[in-house]
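Asks: Submitted below is the structure of interest, expressed as structure tokens.
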Number of protein chains: 2
Amino acid sequence: MYVVVAYDICTDNKAGEKRLRKVAQTCQNYGQRVQKSLFECTLDEATLAGLVHDLRLLVHPREDSVRIYRALDFSSTHVIRLGRDLGLDFQGPLIL
Amino acid sequence: MYVVVAYDICTDNKAGEKRLRKVAQTCQNYGQRVQKSLFECTLDEATLAGLVHDLRLLVHPREDSVRIYRALDFSSTHVIRLGRDLGLDFQGPLIL
């Protein structure tokens, strides 16, 4: 399934900065960064459960916010992209 | 349809800060802020076209990024929320 993870981590203090780094690292284990605080992931149900579990351990319940959406898909038909694009095309040829 | 708008506006200069304010204001005309740079909107096709048009006029093509996703829906079945929640429940009773 296609999953979008958006986070807003409170970085008013060192602990928040550390959480921000850990949340970003965790998301990188599951998907592709497309904006500073936005990841696109293509996951099965079990892997999604793993992502949610990992993030739940990191996120501060009152200071941070993480929202995980199920998207229709990540093709250009279903995602409208304006401006620059950090993302790679998973469907396209992989050039190493 | 259920639409998620995520933006990442380059605020290295005054012009960027102005774009950020305008992008946020534009999104507020169409939906509900749920994180600093994330909005949920429930729109028909024509209104989505209006949102895309308005944002396209604001976004810097090389410095900013806006991504607009079609989500399955915004119920708790389809959006996993961790941490604090800025969002209101559109489906719930409206208390004024």
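Within each chain, counting starts at residue 1; across the structure tokens, chains are named A, B, ... in the order shown, with ligands numbered 1 upward in that order.
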At a cut-off of 9 Å, list the chain B residues touching chain A, using only C-alpha atoms, as a JSON list (two decimals) with all heavy atoms, in the first residue's frame.

Replies:
```json
[["chain", "number", "residue", "atom", "x", "y", "z"],
["B", 4, "VAL", "N", -4.50, 15.70, 0.75],
["B", 4, "VAL", "CA", -3.49, 16.13, 1.72],
["B", 4, "VAL", "C", -2.50, 17.03, 1.00],
["B", 4, "VAL", "O", -1.97, 16.66, -0.05],
["B", 4, "VAL", "CB", -2.76, 14.91, 2.31],
["B", 4, "VAL", "CG1", -1.66, 15.35, 3.27],
["B", 4, "VAL", "CG2", -3.74, 13.98, 3.01],
["B", 6, "ALA", "N", 1.05, 19.01, 1.46],
["B", 6, "ALA", "CA", 2.27, 19.17, 2.26],
["B", 6, "ALA", "C", 3.19, 20.13, 1.54],
["B", 6, "ALA", "O", 3.38, 20.02, 0.33],
["B", 6, "ALA", "CB", 2.96, 17.82, 2.43],
["B", 7, "TYR", "N", 3.75, 21.07, 2.28],
["B", 7, "TYR", "CA", 4.66, 22.00, 1.61],
["B", 7, "TYR", "C", 5.95, 22.21, 2.38],
["B", 7, "TYR", "O", 6.02, 22.00, 3.60],
["B", 7, "TYR", "CB", 3.98, 23.34, 1.30],
["B", 7, "TYR", "CG", 3.32, 24.03, 2.47],
["B", 7, "TYR", "CD1", 4.07, 24.75, 3.40],
["B", 7, "TYR", "CD2", 1.95, 23.99, 2.62],
["B", 7, "TYR", "CE1", 3.45, 25.41, 4.46],
["B", 7, "TYR", "CE2", 1.33, 24.64, 3.68],
["B", 7, "TYR", "CZ", 2.09, 25.34, 4.60],
["B", 7, "TYR", "OH", 1.49, 25.99, 5.64],
["B", 8, "ASP", "N", 6.93, 22.59, 1.63],
["B", 8, "ASP", "CA", 8.28, 22.81, 2.14],
["B", 8, "ASP", "C", 8.78, 24.04, 1.37],
["B", 8, "ASP", "O", 9.18, 23.95, 0.22],
["B", 8, "ASP", "CB", 9.11, 21.57, 1.79],
["B", 8, "ASP", "CG", 10.38, 21.46, 2.60],
["B", 8, "ASP", "OD1", 10.73, 22.44, 3.27],
["B", 8, "ASP", "OD2", 11.03, 20.40, 2.54],
["B", 34, "VAL", "N", -3.35, 20.71, 9.94],
["B", 34, "VAL", "CA", -3.18, 19.64, 10.91],
["B", 34, "VAL", "C", -1.74, 19.56, 11.43],
["B", 34, "VAL", "O", -1.48, 18.94, 12.45],
["B", 34, "VAL", "CB", -3.64, 18.27, 10.34],
["B", 34, "VAL", "CG1", -5.15, 18.25, 10.15],
["B", 34, "VAL", "CG2", -2.93, 17.94, 9.04],
["B", 35, "GLN", "N", -0.82, 20.14, 10.70],
["B", 35, "GLN", "CA", 0.56, 20.33, 11.17],
["B", 35, "GLN", "C", 1.02, 21.68, 10.62],
["B", 35, "GLN", "O", 0.32, 22.30, 9.83],
["B", 35, "GLN", "CB", 1.50, 19.22, 10.69],
["B", 35, "GLN", "CG", 1.29, 17.89, 11.38],
["B", 35, "GLN", "CD", 2.25, 16.81, 10.87],
["B", 35, "GLN", "OE1", 3.09, 17.04, 10.01],
["B", 35, "GLN", "NE2", 2.10, 15.61, 11.40],
["B", 36, "LYS", "N", 2.23, 22.09, 10.99],
["B", 36, "LYS", "CA", 2.72, 23.40, 10.53],
["B", 36, "LYS", "C", 2.65, 23.52, 9.01],
["B", 36, "LYS", "O", 2.27, 24.56, 8.48],
["B", 36, "LYS", "CB", 4.18, 23.60, 10.97],
["B", 36, "LYS", "CG", 4.32, 24.13, 12.37],
["B", 36, "LYS", "CD", 5.80, 24.36, 12.68],
["B", 36, "LYS", "CE", 6.02, 24.36, 14.18],
["B", 36, "LYS", "NZ", 7.35, 23.87, 14.55],
["B", 37, "SER", "N", 3.02, 22.48, 8.31],
["B", 37, "SER", "CA", 3.11, 22.53, 6.84],
["B", 37, "SER", "C", 2.25, 21.47, 6.18],
["B", 37, "SER", "O", 2.61, 20.92, 5.14],
["B", 37, "SER", "CB", 4.57, 22.34, 6.40],
["B", 37, "SER", "OG", 5.38, 23.28, 7.04],
["B", 38, "LEU", "N", 1.14, 21.15, 6.81],
["B", 38, "LEU", "CA", 0.29, 20.05, 6.33],
["B", 38, "LEU", "C", -1.18, 20.41, 6.51],
["B", 38, "LEU", "O", -1.60, 20.79, 7.60],
["B", 38, "LEU", "CB", 0.62, 18.79, 7.14],
["B", 38, "LEU", "CG", 0.06, 17.48, 6.62],
["B", 38, "LEU", "CD1", 0.84, 17.01, 5.39],
["B", 38, "LEU", "CD2", 0.13, 16.40, 7.70],
["B", 52, "VAL", "N", -4.82, 24.00, -6.81],
["B", 52, "VAL", "CA", -3.56, 23.79, -7.56],
["B", 52, "VAL", "C", -3.19, 25.07, -8.32],
["B", 52, "VAL", "O", -2.03, 25.50, -8.31],
["B", 52, "VAL", "CB", -3.71, 22.60, -8.53],
["B", 52, "VAL", "CG1", -2.49, 22.49, -9.44],
["B", 52, "VAL", "CG2", -3.92, 21.31, -7.75],
["B", 55, "LEU", "N", -1.87, 27.67, -5.83],
["B", 55, "LEU", "CA", -0.54, 27.33, -5.30],
["B", 55, "LEU", "C", 0.53, 27.49, -6.39],
["B", 55, "LEU", "O", 1.64, 27.93, -6.11],
["B", 55, "LEU", "CB", -0.52, 25.91, -4.74],
["B", 55, "LEU", "CG", -1.29, 25.74, -3.43],
["B", 55, "LEU", "CD1", -1.31, 24.25, -3.01],
["B", 55, "LEU", "CD2", -0.68, 26.57, -2.29],
["B", 56, "ARG", "N", 0.17, 27.14, -7.60],
["B", 56, "ARG", "CA", 1.14, 27.22, -8.70],
["B", 56, "ARG", "C", 1.63, 28.66, -8.89],
["B", 56, "ARG", "O", 2.78, 28.88, -9.27],
["B", 56, "ARG", "CB", 0.51, 26.68, -9.99],
["B", 56, "ARG", "CG", 1.51, 26.13, -10.98],
["B", 56, "ARG", "CD", 0.84, 25.69, -12.27],
["B", 56, "ARG", "NE", 0.01, 24.49, -12.14],
["B", 56, "ARG", "CZ", 0.47, 23.25, -12.19],
["B", 56, "ARG", "NH1", 1.77, 23.03, -12.34],
["B", 56, "ARG", "NH2", -0.35, 22.23, -12.10],
["B", 59, "VAL", "N", 4.29, 29.19, -5.65],
["B", 59, "VAL", "CA", 5.44, 28.33, -5.36],
["B", 59, "VAL", "C", 6.63, 28.65, -6.27],
["B", 59, "VAL", "O", 6.46, 28.76, -7.48],
["B", 59, "VAL", "CB", 5.01, 26.85, -5.53],
["B", 59, "VAL", "CG1", 6.20, 25.92, -5.53],
["B", 59, "VAL", "CG2", 4.03, 26.48, -4.42],
["B", 60, "HIS", "N", 7.80, 28.76, -5.68],
["B", 60, "HIS", "CA", 9.02, 28.96, -6.47],
["B", 60, "HIS", "C", 9.42, 27.61, -7.08],
["B", 60, "HIS", "O", 9.57, 26.62, -6.35],
["B", 60, "HIS", "CB", 10.14, 29.49, -5.59],
["B", 60, "HIS", "CG", 11.34, 29.95, -6.36],
["B", 60, "HIS", "ND1", 12.18, 29.07, -7.01],
["B", 60, "HIS", "CD2", 11.82, 31.18, -6.61],
["B", 60, "HIS", "CE1", 13.14, 29.75, -7.61],
["B", 60, "HIS", "NE2", 12.95, 31.03, -7.38],
["B", 61, "PRO", "N", 9.63, 27.57, -8.41],
["B", 61, "PRO", "CA", 9.82, 26.27, -9.07],
["B", 61, "PRO", "C", 11.07, 25.50, -8.65],
["B", 61, "PRO", "O", 11.09, 24.27, -8.75],
["B", 61, "PRO", "CB", 9.88, 26.64, -10.56],
["B", 61, "PRO", "CG", 10.19, 28.11, -10.62],
["B", 61, "PRO", "CD", 9.61, 28.69, -9.36],
["B", 62, "ARG", "N", 12.11, 26.21, -8.19],
["B", 62, "ARG", "CA", 13.34, 25.49, -7.83],
["B", 62, "ARG", "C", 13.59, 25.46, -6.31],
["B", 62, "ARG", "O", 14.32, 24.63, -5.83],
["B", 62, "ARG", "CB", 14.56, 26.12, -8.52],
["B", 62, "ARG", "CG", 14.59, 25.86, -10.02],
["B", 62, "ARG", "CD", 15.85, 26.43, -10.66],
["B", 62, "ARG", "NE", 16.03, 27.83, -10.31],
["B", 62, "ARG", "CZ", 15.37, 28.85, -10.87],
["B", 62, "ARG", "NH1", 14.49, 28.62, -11.80],
["B", 62, "ARG", "NH2", 15.60, 30.09, -10.48],
["B", 63, "GLU", "N", 12.97, 26.38, -5.58],
["B", 63, "GLU", "CA", 13.28, 26.47, -4.15],
["B", 63, "GLU", "C", 12.24, 25.79, -3.25],
["B", 63, "GLU", "O", 12.57, 25.36, -2.15],
["B", 63, "GLU", "CB", 13.42, 27.94, -3.74],
["B", 63, "GLU", "CG", 14.59, 28.61, -4.45],
["B", 63, "GLU", "CD", 14.92, 29.98, -3.89],
["B", 63, "GLU", "OE1", 14.13, 30.52, -3.11],
["B", 63, "GLU", "OE2", 15.99, 30.50, -4.25],
["B", 64, "ASP", "N", 11.01, 25.74, -3.71],
["B", 64, "ASP", "CA", 9.93, 25.22, -2.86],
["B", 64, "ASP", "C", 9.47, 23.85, -3.37],
["B", 64, "ASP", "O", 9.75, 23.48, -4.50],
["B", 64, "ASP", "CB", 8.73, 26.18, -2.89],
["B", 64, "ASP", "CG", 9.11, 27.59, -2.50],
["B", 64, "ASP", "OD1", 10.09, 27.76, -1.75],
["B", 64, "ASP", "OD2", 8.43, 28.52, -2.96],
["B", 65, "SER", "N", 8.74, 23.19, -2.52],
["B", 65, "SER", "CA", 8.11, 21.93, -2.92],
["B", 65, "SER", "C", 6.72, 21.86, -2.31],
["B", 65, "SER", "O", 6.54, 22.11, -1.12],
["B", 65, "SER", "CB", 8.94, 20.74, -2.43],
["B", 65, "SER", "OG", 8.18, 19.55, -2.51],
["B", 66, "VAL", "N", 5.74, 21.55, -3.15],
["B", 66, "VAL", "CA", 4.39, 21.27, -2.66],
["B", 66, "VAL", "C", 3.98, 19.93, -3.24],
["B", 66, "VAL", "O", 4.21, 19.66, -4.42],
["B", 66, "VAL", "CB", 3.38, 22.36, -3.10],
["B", 66, "VAL", "CG1", 1.96, 21.95, -2.74],
["B", 66, "VAL", "CG2", 3.72, 23.69, -2.46],
["B", 67, "ARG", "N", 3.42, 19.09, -2.40],
["B", 67, "ARG", "CA", 2.91, 17.80, -2.87],
["B", 67, "ARG", "C", 1.47, 17.64, -2.41],
["B", 67, "ARG", "O", 1.15, 17.87, -1.25],
["B", 67, "ARG", "CB", 3.78, 16.64, -2.35],
["B", 67, "ARG", "CG", 5.18, 16.68, -2.97],
["B", 67, "ARG", "CD", 6.07, 15.64, -2.37],
["B", 67, "ARG", "NE", 6.05, 14.39, -3.10],
["B", 67, "ARG", "CZ", 6.84, 14.14, -4.14],
["B", 67, "ARG", "NH1", 7.68, 15.05, -4.59],
["B", 67, "ARG", "NH2", 6.81, 12.97, -4.74],
["B", 68, "ILE", "N", 0.64, 17.25, -3.34],
["B", 68, "ILE", "CA", -0.79, 17.12, -3.06],
["B", 68, "ILE", "C", -1.19, 15.67, -3.34],
["B", 68, "ILE", "O", -1.07, 15.19, -4.47],
["B", 68, "ILE", "CB", -1.60, 18.09, -3.95],
["B", 68, "ILE", "CG1", -1.14, 19.53, -3.68],
["B", 68, "ILE", "CG2", -3.09, 17.93, -3.70],
["B", 68, "ILE", "CD1", -1.70, 20.55, -4.65],
["B", 69, "TYR", "N", -1.63, 14.99, -2.28],
["B", 69, "TYR", "CA", -1.97, 13.57, -2.37],
["B", 69, "TYR", "C", -3.47, 13.38, -2.28],
["B", 69, "TYR", "O", -4.14, 14.09, -1.53],
["B", 69, "TYR", "CB", -1.36, 12.80, -1.20],
["B", 69, "TYR", "CG", 0.14, 12.81, -1.17],
["B", 69, "TYR", "CD1", 0.83, 13.77, -0.45],
["B", 69, "TYR", "CD2", 0.88, 11.86, -1.86],
["B", 69, "TYR", "CE1", 2.21, 13.79, -0.41],
["B", 69, "TYR", "CE2", 2.26, 11.87, -1.84],
["B", 69, "TYR", "CZ", 2.92, 12.84, -1.11],
["B", 69, "TYR", "OH", 4.29, 12.86, -1.08],
["B", 70, "ARG", "N", -3.96, 12.40, -2.99],
["B", 70, "ARG", "CA", -5.33, 11.95, -2.76],
["B", 70, "ARG", "C", -5.29, 10.84, -1.72],
["B", 70, "ARG", "O", -4.61, 9.83, -1.91],
["B", 70, "ARG", "CB", -5.94, 11.46, -4.06],
["B", 70, "ARG", "CG", -6.09, 12.62, -5.04],
["B", 70, "ARG", "CD", -6.85, 12.23, -6.26],
["B", 70, "ARG", "NE", -8.17, 11.72, -5.92],
["B", 70, "ARG", "CZ", -9.10, 11.47, -6.83],
["B", 70, "ARG", "NH1", -8.85, 11.67, -8.10],
["B", 70, "ARG", "NH2", -10.27, 11.00, -6.46],
["B", 71, "ALA", "N", -5.99, 11.06, -0.62],
["B", 71, "ALA", "CA", -6.00, 10.08, 0.46],
["B", 71, "ALA", "C", -7.27, 9.24, 0.39],
["B", 71, "ALA", "O", -8.24, 9.62, -0.29],
["B", 71, "ALA", "CB", -5.92, 10.80, 1.80],
["B", 72, "LEU", "N", -7.26, 8.10, 1.06],
["B", 72, "LEU", "CA", -8.45, 7.23, 1.05],
["B", 72, "LEU", "C", -9.59, 7.92, 1.77],
["B", 72, "LEU", "O", -10.69, 8.01, 1.27],
["B", 72, "LEU", "CB", -8.14, 5.88, 1.68],
["B", 72, "LEU", "CG", -7.22, 4.98, 0.87],
["B", 72, "LEU", "CD1", -7.23, 3.57, 1.42],
["B", 72, "LEU", "CD2", -7.60, 4.93, -0.61],
["B", 73, "ASP", "N", -9.37, 8.33, 2.99],
["B", 73, "ASP", "CA", -10.24, 9.28, 3.68],
["B", 73, "ASP", "C", -9.55, 9.74, 4.95],
["B", 73, "ASP", "O", -8.42, 9.31, 5.21],
["B", 73, "ASP", "CB", -11.67, 8.74, 3.87],
["B", 73, "ASP", "CG", -11.85, 7.84, 5.06],
["B", 73, "ASP", "OD1", -11.36, 8.20, 6.14],
["B", 73, "ASP", "OD2", -12.50, 6.81, 4.92],
["B", 74, "PHE", "N", -10.21, 10.59, 5.71],
["B", 74, "PHE", "CA", -9.56, 11.15, 6.90],
["B", 74, "PHE", "C", -10.09, 10.54, 8.20],
["B", 74, "PHE", "O", -9.89, 11.09, 9.27],
["B", 74, "PHE", "CB", -9.73, 12.67, 6.94],
["B", 74, "PHE", "CG", -9.03, 13.39, 5.83],
["B", 74, "PHE", "CD1", -9.57, 14.51, 5.26],
["B", 74, "PHE", "CD2", -7.79, 12.94, 5.38],
["B", 74, "PHE", "CE1", -8.91, 15.18, 4.23],
["B", 74, "PHE", "CE2", -7.13, 13.59, 4.35],
["B", 74, "PHE", "CZ", -7.70, 14.72, 3.78],
["B", 78, "HIS", "N", -8.23, 5.33, 8.48],
["B", 78, "HIS", "CA", -7.28, 5.52, 7.39],
["B", 78, "HIS", "C", -6.15, 6.49, 7.68],
["B", 78, "HIS", "O", -5.21, 6.60, 6.91],
["B", 78, "HIS", "CB", -8.02, 5.95, 6.12],
["B", 78, "HIS", "CG", -8.83, 4.83, 5.54],
["B", 78, "HIS", "ND1", -10.18, 4.74, 5.69],
["B", 78, "HIS", "CD2", -8.44, 3.72, 4.87],
["B", 78, "HIS", "CE1", -10.61, 3.63, 5.10],
["B", 78, "HIS", "NE2", -9.58, 3.00, 4.59],
["B", 79, "VAL", "N", -6.27, 7.25, 8.75],
["B", 79, "VAL", "CA", -5.17, 8.12, 9.15],
["B", 79, "VAL", "C", -4.69, 7.69, 10.53],
["B", 79, "VAL", "O", -5.49, 7.63, 11.47],
["B", 79, "VAL", "CB", -5.59, 9.61, 9.20],
["B", 79, "VAL", "CG1", -4.38, 10.49, 9.51],
["B", 79, "VAL", "CG2", -6.24, 10.04, 7.91],
["B", 80, "ILE", "N", -3.43, 7.36, 10.61],
["B", 80, "ILE", "CA", -2.85, 7.00, 11.91],
["B", 80, "ILE", "C", -2.22, 8.26, 12.48],
["B", 80, "ILE", "O", -1.39, 8.90, 11.82],
["B", 80, "ILE", "CB", -1.81, 5.88, 11.75],
["B", 80, "ILE", "CG1", -2.47, 4.64, 11.15],
["B", 80, "ILE", "CG2", -1.15, 5.56, 13.09],
["B", 80, "ILE", "CD1", -1.48, 3.59, 10.65],
["B", 81, "ARG", "N", -2.64, 8.64, 13.66],
["B", 81, "ARG", "CA", -2.17, 9.89, 14.28],
["B", 81, "ARG", "C", -1.39, 9.56, 15.53],
["B", 81, "ARG", "O", -1.92, 8.91, 16.43],
["B", 81, "ARG", "CB", -3.37, 10.76, 14.67],
["B", 81, "ARG", "CG", -4.24, 11.13, 13.49],
["B", 81, "ARG", "CD", -5.60, 11.63, 13.93],
["B", 81, "ARG", "NE", -6.50, 11.63, 12.79],
["B", 81, "ARG", "CZ", -7.66, 12.26, 12.72],
["B", 81, "ARG", "NH1", -8.09, 12.96, 13.75],
["B", 81, "ARG", "NH2", -8.40, 12.20, 11.65],
["B", 82, "LEU", "N", -0.17, 10.01, 15.59],
["B", 82, "LEU", "CA", 0.65, 9.82, 16.78],
["B", 82, "LEU", "C", 0.97, 11.20, 17.35],
["B", 82, "LEU", "O", 1.22, 12.14, 16.61],
["B", 82, "LEU", "CB", 1.95, 9.10, 16.43],
["B", 82, "LEU", "CG", 1.82, 7.77, 15.68],
["B", 82, "LEU", "CD1", 3.21, 7.21, 15.35],
["B", 82, "LEU", "CD2", 1.03, 6.75, 16.48],
["B", 83, "GLY", "N", 0.97, 11.29, 18.67],
["B", 83, "GLY", "CA", 1.29, 12.57, 19.30],
["B", 83, "GLY", "C", 0.09, 13.49, 19.34],
["B", 83, "GLY", "O", -1.06, 13.05, 19.27],
["B", 84, "ARG", "N", 0.38, 14.76, 19.41],
["B", 84, "ARG", "CA", -0.69, 15.76, 19.55],
["B", 84, "ARG", "C", -1.45, 15.89, 18.24],
["B", 84, "ARG", "O", -0.98, 15.50, 17.19],
["B", 84, "ARG", "CB", -0.09, 17.10, 19.97],
["B", 84, "ARG", "CG", 0.71, 17.76, 18.90],
["B", 84, "ARG", "CD", 1.41, 19.00, 19.39],
["B", 84, "ARG", "NE", 2.42, 19.43, 18.42],
["B", 84, "ARG", "CZ", 2.14, 20.06, 17.28],
["B", 84, "ARG", "NH1", 0.89, 20.36, 16.99],
["B", 84, "ARG", "NH2", 3.08, 20.38, 16.44],
["B", 85, "ASP", "N", -2.61, 16.50, 18.34],
["B", 85, "ASP", "CA", -3.49, 16.59, 17.18],
["B", 85, "ASP", "C", -4.05, 17.99, 17.09],
["B", 85, "ASP", "O", -4.85, 18.41, 17.92],
["B", 85, "ASP", "CB", -4.61, 15.56, 17.33],
["B", 85, "ASP", "CG", -5.26, 15.26, 16.00],
["B", 85, "ASP", "OD1", -5.02, 16.01, 15.04],
["B", 85, "ASP", "OD2", -6.00, 14.27, 15.93],
["B", 86, "LEU", "N", -3.62, 18.73, 16.07],
["B", 86, "LEU", "CA", -4.18, 20.06, 15.83],
["B", 86, "LEU", "C", -5.56, 19.97, 15.20],
["B", 86, "LEU", "O", -6.33, 20.90, 15.25],
["B", 86, "LEU", "CB", -3.30, 20.85, 14.83],
["B", 86, "LEU", "CG", -1.99, 21.43, 15.27],
["B", 86, "LEU", "CD1", -1.36, 22.19, 14.11],
["B", 86, "LEU", "CD2", -2.21, 22.38, 16.44]]
```

Asks: Here's a check: after a least-squares fit over all in-order C-alpha atoms, write chain A in the frame of chain B, as an mmCIF file with C-alpha atoms, in the first residue's frame.

Replies:
```cif
data_model
loop_
_atom_site.group_PDB
_atom_site.id
_atom_site.type_symbol
_atom_site.label_atom_id
_atom_site.label_comp_id
_atom_site.auth_asym_id
_atom_site.auth_seq_id
_atom_site.Cartn_x
_atom_site.Cartn_y
_atom_site.Cartn_z
ATOM 1 C CA MET A 1 -12.315 13.735 -2.422
ATOM 2 C CA TYR A 2 -9.792 13.700 0.400
ATOM 3 C CA VAL A 3 -6.660 15.670 -0.328
ATOM 4 C CA VAL A 4 -3.500 16.131 1.727
ATOM 5 C CA VAL A 5 -1.316 19.152 0.968
ATOM 6 C CA ALA A 6 2.263 19.169 2.270
ATOM 7 C CA TYR A 7 4.650 22.006 1.604
ATOM 8 C CA ASP A 8 8.279 22.806 2.140
ATOM 9 C CA ILE A 9 8.950 26.451 1.359
ATOM 10 C CA CYS A 10 12.504 27.767 1.344
ATOM 11 C CA THR A 11 12.596 30.592 3.902
ATOM 12 C CA ASP A 12 16.226 31.610 3.533
ATOM 13 C CA ASN A 13 15.149 35.127 2.622
ATOM 14 C CA LYS A 14 12.250 37.589 3.033
ATOM 15 C CA ALA A 15 10.699 36.554 -0.277
ATOM 16 C CA GLY A 16 10.560 32.953 0.934
ATOM 17 C CA GLU A 17 8.983 33.966 4.224
ATOM 18 C CA LYS A 18 6.333 35.865 2.269
ATOM 19 C CA ARG A 19 5.696 32.846 0.033
ATOM 20 C CA LEU A 20 5.354 30.655 3.131
ATOM 21 C CA ARG A 21 2.695 32.938 4.592
ATOM 22 C CA LYS A 22 0.827 33.085 1.288
ATOM 23 C CA VAL A 23 0.946 29.327 0.753
ATOM 24 C CA ALA A 24 -0.385 28.759 4.289
ATOM 25 C CA GLN A 25 -3.141 31.357 3.763
ATOM 26 C CA THR A 26 -4.110 29.731 0.467
ATOM 27 C CA CYS A 27 -4.302 26.281 2.016
ATOM 28 C CA GLN A 28 -6.423 27.692 4.835
ATOM 29 C CA ASN A 29 -8.947 28.774 2.216
ATOM 30 C CA TYR A 30 -9.383 25.165 1.159
ATOM 31 C CA GLY A 31 -8.924 22.995 4.208
ATOM 32 C CA GLN A 32 -7.804 22.433 7.730
ATOM 33 C CA ARG A 33 -4.303 22.804 9.108
ATOM 34 C CA VAL A 34 -3.195 19.651 10.912
ATOM 35 C CA GLN A 35 0.538 20.343 11.180
ATOM 36 C CA LYS A 36 2.724 23.399 10.528
ATOM 37 C CA SER A 37 3.098 22.537 6.847
ATOM 38 C CA LEU A 38 0.285 20.062 6.337
ATOM 39 C CA PHE A 39 -3.363 20.541 5.459
ATOM 40 C CA GLU A 40 -6.275 18.184 4.995
ATOM 41 C CA CYS A 41 -8.911 19.269 2.485
ATOM 42 C CA THR A 42 -12.168 17.708 1.380
ATOM 43 C CA LEU A 43 -12.691 18.992 -2.160
ATOM 44 C CA ASP A 44 -14.452 18.317 -5.416
ATOM 45 C CA GLU A 45 -12.448 18.196 -8.657
ATOM 46 C CA ALA A 46 -13.133 21.823 -9.565
ATOM 47 C CA THR A 47 -12.073 23.111 -6.167
ATOM 48 C CA LEU A 48 -8.924 20.989 -6.262
ATOM 49 C CA ALA A 49 -8.109 22.573 -9.614
ATOM 50 C CA GLY A 50 -8.554 25.978 -7.974
ATOM 51 C CA LEU A 51 -6.205 25.051 -5.132
ATOM 52 C CA VAL A 52 -3.558 23.794 -7.564
ATOM 53 C CA HIS A 53 -3.925 26.942 -9.660
ATOM 54 C CA ASP A 54 -3.565 29.219 -6.634
ATOM 55 C CA LEU A 55 -0.528 27.345 -5.303
ATOM 56 C CA ARG A 56 1.147 27.208 -8.701
ATOM 57 C CA LEU A 57 1.127 31.012 -8.765
ATOM 58 C CA LEU A 58 2.940 31.169 -5.411
ATOM 59 C CA VAL A 59 5.448 28.330 -5.362
ATOM 60 C CA HIS A 60 9.029 28.951 -6.471
ATOM 61 C CA PRO A 61 9.821 26.268 -9.065
ATOM 62 C CA ARG A 62 13.337 25.476 -7.819
ATOM 63 C CA GLU A 63 13.284 26.464 -4.139
ATOM 64 C CA ASP A 64 9.923 25.213 -2.859
ATOM 65 C CA SER A 65 8.104 21.927 -2.918
ATOM 66 C CA VAL A 66 4.384 21.264 -2.665
ATOM 67 C CA ARG A 67 2.910 17.785 -2.876
ATOM 68 C CA ILE A 68 -0.799 17.118 -3.065
ATOM 69 C CA TYR A 69 -1.975 13.572 -2.372
ATOM 70 C CA ARG A 70 -5.333 11.953 -2.757
ATOM 71 C CA ALA A 71 -6.003 10.071 0.468
ATOM 72 C CA LEU A 72 -8.460 7.238 1.052
ATOM 73 C CA ASP A 73 -10.249 9.273 3.677
ATOM 74 C CA PHE A 74 -9.569 11.151 6.919
ATOM 75 C CA SER A 75 -11.307 8.798 9.312
ATOM 76 C CA SER A 76 -9.324 7.227 12.122
ATOM 77 C CA THR A 77 -9.428 3.987 10.112
ATOM 78 C CA HIS A 78 -7.290 5.520 7.401
ATOM 79 C CA VAL A 79 -5.185 8.131 9.152
ATOM 80 C CA ILE A 80 -2.876 7.007 11.919
ATOM 81 C CA ARG A 81 -2.205 9.894 14.290
ATOM 82 C CA LEU A 82 0.633 9.831 16.785
ATOM 83 C CA GLY A 83 1.270 12.579 19.293
ATOM 84 C CA ARG A 84 -0.702 15.755 19.558
ATOM 85 C CA ASP A 85 -3.498 16.590 17.180
ATOM 86 C CA LEU A 86 -4.211 20.037 15.821
ATOM 87 C CA GLY A 87 -7.045 18.734 13.696
ATOM 88 C CA LEU A 88 -10.748 18.913 14.322
ATOM 89 C CA ASP A 89 -13.123 16.117 13.517
ATOM 90 C CA PHE A 90 -15.225 17.257 10.572
ATOM 91 C CA GLN A 91 -17.495 14.251 11.016
ATOM 92 C CA GLY A 92 -18.146 14.982 14.692
ATOM 93 C CA PRO A 93 -20.625 17.444 16.202
ATOM 94 C CA LEU A 94 -19.763 21.092 15.631
ATOM 95 C CA ILE A 95 -19.598 22.960 18.930
ATOM 96 C CA LEU A 96 -19.630 26.764 18.606
#
```

Asks: Would you mind writing down, as a PyMOL selection string, each residue of segment 13-87 of chain A that DSSP on the backbone assigns to alpha helix (DSSP H)?

Replies: chain A and resi 14-30+45-58

Asks: Where in chain B does DSSP assign strand (DSSP E or B), given as a list in words?

Replies: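 Matching residues for strand (DSSP E or B) in chain B are Tyr2, Val3, Val4, Val5, Ala6, Tyr7, Asp8, Gln32, Arg33, Val34, Gln35, Leu38, Phe39, Glu40, Cys41, Thr42, Ser65, Val66, Arg67, Ile68, Tyr69, Arg70, Ala71, Val79, Ile80, Arg81, Leu82 and Gly83 of chain B.
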